[in-house]
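Notes follow the structure.
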Amino acid sequence: MKTVKILSIAMIALLVVSCNNKSGVTNLPLKTEIDSVSYAIGLSNGYQVRTGFQEVNIDLFVQGLKNGADSTNVLLAQDKINTTIQAYFQKKQQEEMKKKQEEALKKAEEQYGENKAESEKFLADNISKEGVETTESGLQYIILKEGDGEKPTATSRVKVHYHGTRIDGTVFDSSVDKGSPFTTPVNRVIKGWIEGLQLMKVGSKYKFFIPQDLAYGAFPQPGGTIKPFDALIFEIELLEIVK
């Protein structure tokens with residue numbers, strides 16, 4: 001982890017300074033080349049620590065250096081040092097990622113809010129149509145043909161034919177059009193497929209109406225036909241469970 005490495009470098013630099021400054025006097029003049037280099041290393045790494053860890057408590061940081069140097073008054077067990085540092089920066093990284101995702105989601109909703117509303121309206125209207133069944137997650141489907149084979153599980157590999165469109169009928173992908181079946185682990189596809197495939201028996205053909213949150217949500221592949229918040233329609237034929 002880059003920040004931890006920066007902290008480690010800074011700790012070593014400050015420890016060297018600390019060990020050569022036993023009187024604890026601060027604001028010493030730079031009299032020699034070694035003085036200047038020592039101060040420059042400390043200053044450089046101090047800036048890096050501030051950049052990577054703005055919340056640093058300088059007093060406790062220095063106290064930790066001194067306690068580690070003389071092995072007295074230690075407040076944290078040695079086997080807890082790395083885990084404490086790593087846990088904090090992992091949490092910070094997760095918080096930063098979450099913040100960025102929330103900002104990206106807000107931007108997508110502002111830009112594609114109309115598309116989201118259209119998808120929601122389509123599914124709301126579709127739910128009452130003849131033959132449409134709905135699962136607890138909101139996945140809608142019509143049984144076009146019921147097979148009599150085995151049902152796959154989440155860990156199964158399956159071979160299928162599929163035809164995928166947006167709600168306006170725009171085709172975005174189709175193994176049928178390509179003329180080649182698609183083989184995949186059940187648990188390596190979108191949520192709507194994972195749930196839907198496990199409803200089917202080998203030999204079945206279903207038509208699925210997949211809400212955006214069970215498809216690609218706000219972040220489909222950039223530049224593709226699928227737009228943010230698209231509800232998707234798939235006709236899927238389960239050909240076999242691959243052993």
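As shown in the structure tokens, the chain order sets the letters A, B, ...; within each chain, residues go from 1, and ligands are also counted from 1 in the order they appear.
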
Quiz prompt | Near-Ile127 (chain A) list (12 Å; only C-alpha atoms; drop same-chain fewer than 2 positions) as number ranges by chain | solution = A: 120-125, 129-135, 138-142, 208-211

Please provide as a short mmCIF file (atom, residue, chain, number, x, y, z; two decimals) with N, CA and C atoms, in the first residue's frame all residues within 8 Å of Met200 (chain A), with the sequence filter that same-chain residues fewer than 4 positions apart are discarded (counting only C-alpha atoms).
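File written: around_13.cif
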data_model
loop_
_atom_site.label_atom_id
_atom_site.label_comp_id
_atom_site.auth_asym_id
_atom_site.auth_seq_id
_atom_site.Cartn_x
_atom_site.Cartn_y
_atom_site.Cartn_z
N GLU A 146 -41.68 -25.02 -21.58
CA GLU A 146 -41.20 -25.64 -20.34
C GLU A 146 -40.49 -26.94 -20.68
N GLY A 147 -39.25 -27.03 -20.23
CA GLY A 147 -38.48 -28.25 -20.45
C GLY A 147 -38.74 -29.27 -19.37
N LYS A 151 -32.65 -28.68 -13.33
CA LYS A 151 -32.43 -27.25 -13.11
C LYS A 151 -30.98 -27.00 -12.70
N PRO A 152 -30.36 -25.95 -13.23
CA PRO A 152 -28.99 -25.62 -12.80
C PRO A 152 -28.99 -24.96 -11.42
N GLY A 196 -32.79 -16.04 -12.94
CA GLY A 196 -33.65 -16.61 -13.97
C GLY A 196 -33.24 -17.99 -14.42
N SER A 204 -36.02 -25.67 -21.52
CA SER A 204 -36.97 -24.57 -21.37
C SER A 204 -36.53 -23.35 -22.18
N LYS A 205 -37.52 -22.53 -22.50
CA LYS A 205 -37.27 -21.23 -23.10
C LYS A 205 -38.14 -20.21 -22.39
N TYR A 206 -37.51 -19.21 -21.76
CA TYR A 206 -38.22 -18.19 -21.01
C TYR A 206 -37.92 -16.82 -21.61
N LEU A 238 -32.47 -22.68 -22.41
CA LEU A 238 -31.46 -23.47 -21.68
C LEU A 238 -31.23 -24.78 -22.41
#

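If you look at CA of Asp168 (chain A) and CA of Gln212 (chain A), they are 14.4 Å away from each other.
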
Exercise. Using backbone DSSP assignments, extract all helix (DSSP H, G or I) residues from region 104-242 of chain A; output them as a ChimeraX atom specification.
Key: /A:104-126,175-178,186-188,191-197,212-214

Kindly save the residues from that selection, with C-alpha atoms included, as a PDB file, in the first residue's frame.
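Resulting contents of result.pdb:
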ATOM      1  CA  ALA A 104     -21.036   9.024 -10.269  1.00  0.00           C
ATOM      2  CA  LEU A 105     -24.504   7.647  -9.485  1.00  0.00           C
ATOM      3  CA  LYS A 106     -25.852  11.139  -8.836  1.00  0.00           C
ATOM      4  CA  LYS A 107     -24.411  12.347 -12.133  1.00  0.00           C
ATOM      5  CA  ALA A 108     -25.897   9.367 -13.998  1.00  0.00           C
ATOM      6  CA  GLU A 109     -29.322   9.945 -12.442  1.00  0.00           C
ATOM      7  CA  GLU A 110     -29.220  13.598 -13.482  1.00  0.00           C
ATOM      8  CA  GLN A 111     -28.251  12.678 -17.040  1.00  0.00           C
ATOM      9  CA  TYR A 112     -30.355   9.532 -17.505  1.00  0.00           C
ATOM     10  CA  GLY A 113     -33.254  10.094 -15.095  1.00  0.00           C
ATOM     11  CA  GLU A 114     -35.756  10.016 -17.954  1.00  0.00           C
ATOM     12  CA  ASN A 115     -34.438   6.657 -19.115  1.00  0.00           C
ATOM     13  CA  LYS A 116     -34.766   5.282 -15.575  1.00  0.00           C
ATOM     14  CA  ALA A 117     -38.375   6.489 -15.357  1.00  0.00           C
ATOM     15  CA  GLU A 118     -39.226   4.895 -18.716  1.00  0.00           C
ATOM     16  CA  SER A 119     -37.780   1.553 -17.611  1.00  0.00           C
ATOM     17  CA  GLU A 120     -39.722   1.648 -14.352  1.00  0.00           C
ATOM     18  CA  LYS A 121     -42.966   2.511 -16.170  1.00  0.00           C
ATOM     19  CA  PHE A 122     -42.436  -0.303 -18.670  1.00  0.00           C
ATOM     20  CA  LEU A 123     -42.048  -2.880 -15.898  1.00  0.00           C
ATOM     21  CA  ALA A 124     -44.991  -1.465 -13.938  1.00  0.00           C
ATOM     22  CA  ASP A 125     -47.216  -1.824 -17.001  1.00  0.00           C
ATOM     23  CA  ASN A 126     -45.787  -5.206 -17.951  1.00  0.00           C
ATOM     24  CA  SER A 175     -26.247 -15.647 -29.601  1.00  0.00           C
ATOM     25  CA  VAL A 176     -29.142 -16.578 -31.888  1.00  0.00           C
ATOM     26  CA  ASP A 177     -28.073 -13.950 -34.431  1.00  0.00           C
ATOM     27  CA  LYS A 178     -24.453 -15.042 -34.059  1.00  0.00           C
ATOM     28  CA  VAL A 186     -24.416 -19.313 -13.774  1.00  0.00           C
ATOM     29  CA  ASN A 187     -22.842 -17.120 -11.102  1.00  0.00           C
ATOM     30  CA  ARG A 188     -20.715 -15.124 -13.592  1.00  0.00           C
ATOM     31  CA  LYS A 191     -28.179 -10.885 -11.298  1.00  0.00           C
ATOM     32  CA  GLY A 192     -31.284 -11.250 -13.447  1.00  0.00           C
ATOM     33  CA  TRP A 193     -29.677 -14.121 -15.334  1.00  0.00           C
ATOM     34  CA  ILE A 194     -28.378 -15.785 -12.174  1.00  0.00           C
ATOM     35  CA  GLU A 195     -31.866 -15.867 -10.708  1.00  0.00           C
ATOM     36  CA  GLY A 196     -33.651 -16.608 -13.972  1.00  0.00           C
ATOM     37  CA  LEU A 197     -31.468 -19.514 -15.076  1.00  0.00           C
ATOM     38  CA  GLN A 212     -32.043  -2.211 -14.172  1.00  0.00           C
ATOM     39  CA  ASP A 213     -30.813  -3.051 -10.679  1.00  0.00           C
ATOM     40  CA  LEU A 214     -30.687  -6.742 -11.690  1.00  0.00           C
TER      41      LEU A 214
END

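Interatomic distance, CA of Tyr162 (chain A) against CA of Phe182 (chain A): 7.9 Å.
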
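Within region 96-181 of chain A, DSSP applied to the backbone places the following residues in strand (DSSP E or B): Glu133, Thr134, Gln140, Tyr141, Ile142, Ile143, Leu144, Lys145, Arg157, Val158, Lys159, Val160, His161, Tyr162, His163, Gly164, Thr165, Arg166, Val171, Phe172, Asp173 and Ser174 of chain A.
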
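Here CA of Ile81 (chain A) is placed at a distance of 15.4 Å from CA of Val56 (chain A).
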
Quiz item: What's the 9 Å shell around region 219-225 of chain A, counting only C-alpha atoms, without same-chain residues fewer than 2 positions away, as an MDAnalysis selection string?
Solution: chainID A and resid 104:105 108 166 170:172 215:217 227:230
